[in-house]
Amino acid sequence: MNVKLYGLLAYRNNYCLPTIYGYSTKGLPGIDIVGLGSMGRVLKEKIIFITREFNQKYPLKRYVLSVEGVDHLDKNDIKELKNLELGFLILFWKLAEIISISRLEQCLCSGQINVRQELTSPPIKNDFWHELDKELANKKSKVTVIGPTVDQRYEFIQQFPIQSLLQQLTAPQ
């Protein structure tokens, strides 16, 4: 299975939309996270821990998760990559068939999740949402936002209630 979604990073008064993608195979079981350097190892362990905290089982497969479009970030911006954690977690859960979100490739995701399952999302200015909505209108397509709060209503931007998704999973013990 192959899946992808778009991340949303706010840095230096600008935004970028990296692609978070992954696949699963019947190869040697494990999770590999590519493209985040040393942060990938920590994120892998966090994903496993959070998944276990929610008492979720997943098939023993090889899961490969990666990100594209963050090469332009320098060392001062690396901390912004933490806002891709929620996207990686959702992508893994989709590959592991823990959640079923259709059209994940039309989702925009940003946020950090800690081991206590607390979510934090970066503040995104309304100007960004307004420009994105105009661009989507030109393309006649829609996007679903997971994580950051969209304060206004837009025709082509929908908000996905991530908290309700987390509540649907088995509560942590």
# chains A, B, ... in the order shown; residues from 1 in each chain; ligands from 1

$ residues_around --residues "Leu95 of chain A" --least-positions-apart "3" --cutoff "9 Å" --atoms "only C-alpha atoms" --output "PDB file with N, CA and C atoms, in the first residue's frame"
ATOM      1  N   MET A   1       0.847  -1.172   0.000  1.00  0.00           N
ATOM      2  CA  MET A   1       0.000   0.000   0.000  1.00  0.00           C
ATOM      3  C   MET A   1       0.896   1.240   0.000  1.00  0.00           C
ATOM      4  N   ASN A   2       0.561   2.211  -0.808  1.00  0.00           N
ATOM      5  CA  ASN A   2       1.265   3.492  -0.876  1.00  0.00           C
ATOM      6  C   ASN A   2       0.303   4.585  -0.453  1.00  0.00           C
ATOM      7  N   VAL A   3       0.756   5.505   0.386  1.00  0.00           N
ATOM      8  CA  VAL A   3      -0.074   6.644   0.784  1.00  0.00           C
ATOM      9  C   VAL A   3       0.788   7.891   0.909  1.00  0.00           C
ATOM     10  N   GLY A  22       4.639   7.227   2.202  1.00  0.00           N
ATOM     11  CA  GLY A  22       5.121   5.968   2.719  1.00  0.00           C
ATOM     12  C   GLY A  22       4.481   4.783   2.036  1.00  0.00           C
ATOM     13  N   TYR A  23       5.007   3.620   2.374  1.00  0.00           N
ATOM     14  CA  TYR A  23       4.461   2.384   1.836  1.00  0.00           C
ATOM     15  C   TYR A  23       4.707   1.260   2.819  1.00  0.00           C
ATOM     16  N   SER A  24       3.970   0.180   2.632  1.00  0.00           N
ATOM     17  CA  SER A  24       4.178  -1.013   3.441  1.00  0.00           C
ATOM     18  C   SER A  24       4.365  -2.199   2.497  1.00  0.00           C
ATOM     19  N   TYR A  63       7.354  -0.986   7.134  1.00  0.00           N
ATOM     20  CA  TYR A  63       6.754   0.326   6.896  1.00  0.00           C
ATOM     21  C   TYR A  63       7.883   1.315   6.634  1.00  0.00           C
ATOM     22  N   ILE A  90      -0.224   9.772  11.505  1.00  0.00           N
ATOM     23  CA  ILE A  90      -1.436   9.465  10.735  1.00  0.00           C
ATOM     24  C   ILE A  90      -1.101   8.582   9.537  1.00  0.00           C
ATOM     25  N   LEU A  91      -0.005   8.882   8.873  1.00  0.00           N
ATOM     26  CA  LEU A  91       0.412   8.073   7.729  1.00  0.00           C
ATOM     27  C   LEU A  91       0.689   6.633   8.151  1.00  0.00           C
ATOM     28  N   PHE A  92       1.399   6.453   9.258  1.00  0.00           N
ATOM     29  CA  PHE A  92       1.674   5.103   9.753  1.00  0.00           C
ATOM     30  C   PHE A  92       0.378   4.390  10.104  1.00  0.00           C
ATOM     31  N   ILE A  98      -4.992   1.030  11.048  1.00  0.00           N
ATOM     32  CA  ILE A  98      -5.557   1.390  12.348  1.00  0.00           C
ATOM     33  C   ILE A  98      -6.674   2.404  12.159  1.00  0.00           C
ATOM     34  N   ILE A  99      -6.495   3.295  11.192  1.00  0.00           N
ATOM     35  CA  ILE A  99      -7.519   4.281  10.858  1.00  0.00           C
ATOM     36  C   ILE A  99      -7.857   4.159   9.377  1.00  0.00           C
TER      37      ILE A  99
END

$ residues_around --residues "Lys46 of chain A" --least-positions-apart "6" --cutoff "10 Å" --atoms "only C-alpha atoms" --output "VMD selection string"
chain A and resid 40 52 85 89 113 to 115

$ write_last_selection --atoms "N, CA and C atoms" --output "PDB file, in the first residue's frame"
ATOM      1  N   GLY A  40      14.484  11.105  12.926  1.00  0.00           N
ATOM      2  CA  GLY A  40      13.703   9.967  12.456  1.00  0.00           C
ATOM      3  C   GLY A  40      13.662   8.828  13.456  1.00  0.00           C
ATOM      4  N   ARG A  52       1.073   1.894  20.878  1.00  0.00           N
ATOM      5  CA  ARG A  52       0.884   0.923  21.970  1.00  0.00           C
ATOM      6  C   ARG A  52       0.060   1.513  23.111  1.00  0.00           C
ATOM      7  N   GLU A  85       5.326  15.598  12.881  1.00  0.00           N
ATOM      8  CA  GLU A  85       5.089  14.380  13.670  1.00  0.00           C
ATOM      9  C   GLU A  85       3.673  13.839  13.498  1.00  0.00           C
ATOM     10  N   LEU A  89       2.542  10.148  12.054  1.00  0.00           N
ATOM     11  CA  LEU A  89       1.722   9.239  12.862  1.00  0.00           C
ATOM     12  C   LEU A  89       0.467   8.820  12.091  1.00  0.00           C
ATOM     13  N   ILE A 113       2.903  15.800  18.468  1.00  0.00           N
ATOM     14  CA  ILE A 113       2.180  15.005  19.452  1.00  0.00           C
ATOM     15  C   ILE A 113       3.215  14.452  20.418  1.00  0.00           C
ATOM     16  N   ASN A 114       2.921  14.567  21.708  1.00  0.00           N
ATOM     17  CA  ASN A 114       3.873  14.040  22.679  1.00  0.00           C
ATOM     18  C   ASN A 114       3.389  12.684  23.190  1.00  0.00           C
ATOM     19  N   VAL A 115       4.178  12.050  24.028  1.00  0.00           N
ATOM     20  CA  VAL A 115       3.860  10.701  24.490  1.00  0.00           C
ATOM     21  C   VAL A 115       2.645  10.667  25.412  1.00  0.00           C
TER      22      VAL A 115
END

$ closest_residue --among "A:Thr120, A:Ser66, A:Asn138, A:Thr144" --to "Arg103 of chain A" --atoms "only C-alpha atoms"
A:Thr144

$ select_by_dssp --residues "chain A" --states "alpha helix (DSSP H)" --output "number ranges by chain"
A: 38-53, 85-95, 126-139, 162-168

$ write_last_selection --atoms "C-alpha atoms" --output "compact mmCIF listing (two decimals), in the first residue's frame"
# COMPACT_ATOMS: atom_id res chain seq x y z
CA SER A 38 18.54 11.76 13.69
CA MET A 39 15.00 12.99 14.39
CA GLY A 40 13.70 9.97 12.46
CA ARG A 41 14.85 7.48 15.09
CA VAL A 42 13.19 9.39 17.92
CA LEU A 43 10.00 9.81 15.89
CA LYS A 44 9.91 6.09 15.09
CA GLU A 45 10.05 5.21 18.79
CA LYS A 46 7.41 7.84 19.59
CA ILE A 47 5.06 6.41 16.94
CA ILE A 48 5.49 2.89 18.33
CA PHE A 49 4.95 4.10 21.91
CA ILE A 50 1.82 6.14 21.13
CA THR A 51 0.35 3.32 19.07
CA ARG A 52 0.88 0.92 21.97
CA GLU A 53 -0.55 3.43 24.46
CA GLU A 85 5.09 14.38 13.67
CA LEU A 86 1.30 14.26 13.47
CA GLY A 87 1.47 13.67 9.72
CA PHE A 88 3.90 10.78 10.13
CA LEU A 89 1.72 9.24 12.86
CA ILE A 90 -1.44 9.47 10.73
CA LEU A 91 0.41 8.07 7.73
CA PHE A 92 1.67 5.10 9.75
CA TRP A 93 -1.78 4.45 11.22
CA LYS A 94 -3.25 4.49 7.71
CA LEU A 95 -0.63 2.05 6.40
CA ASN A 126 -5.44 33.68 8.13
CA ASP A 127 -3.64 35.16 5.11
CA PHE A 128 -2.25 31.71 4.34
CA TRP A 129 -5.68 30.07 4.50
CA HIS A 130 -7.16 32.81 2.33
CA GLU A 131 -4.47 32.41 -0.35
CA LEU A 132 -4.73 28.62 -0.23
CA ASP A 133 -8.51 28.80 -0.65
CA LYS A 134 -8.12 31.05 -3.71
CA GLU A 135 -5.54 28.69 -5.23
CA LEU A 136 -7.80 25.68 -4.58
CA ALA A 137 -10.74 27.52 -6.15
CA ASN A 138 -8.70 28.04 -9.33
CA LYS A 139 -7.91 24.32 -9.41
CA ILE A 162 -8.30 15.10 14.95
CA GLN A 163 -9.35 15.01 18.61
CA SER A 164 -12.42 12.95 17.72
CA LEU A 165 -10.21 10.51 15.82
CA LEU A 166 -7.96 10.07 18.85
CA GLN A 167 -11.00 9.61 21.10
CA GLN A 168 -12.33 6.87 18.80

$ atom_distance --atom1 "atom CA of Val145 of chain A" --atom2 "atom CA of Gly35 of chain A"
22.8 Å

$ closest_residue --among "A:Leu73, A:Leu104, A:Leu36, A:Leu84" --to "Gly147 of chain A" --atoms "only C-alpha atoms"
A:Leu84

$ select_by_dssp --residues "chain A" --states "strand (DSSP E)" --output "PyMOL selection string"
chain A and resi 2-7+9-11+14-16+19-25+30-34+62-68+107-109+112-113+119-120+143-146+157-160

$ closest_residue --among "A:Asp77, A:Val67, A:Gly37, A:Leu9" --to "Gln112 of chain A" --atoms "only C-alpha atoms"
A:Leu9

$ residues_around --residues "Ser121 of chain A" --least-positions-apart "2" --cutoff "9 Å" --atoms "only C-alpha atoms" --output "list in words"
Asn83, Ser110, Gly111, Gln112, Ile113, Leu119, Pro123, Ile124, Gly147, Pro148 and Thr149 of chain A
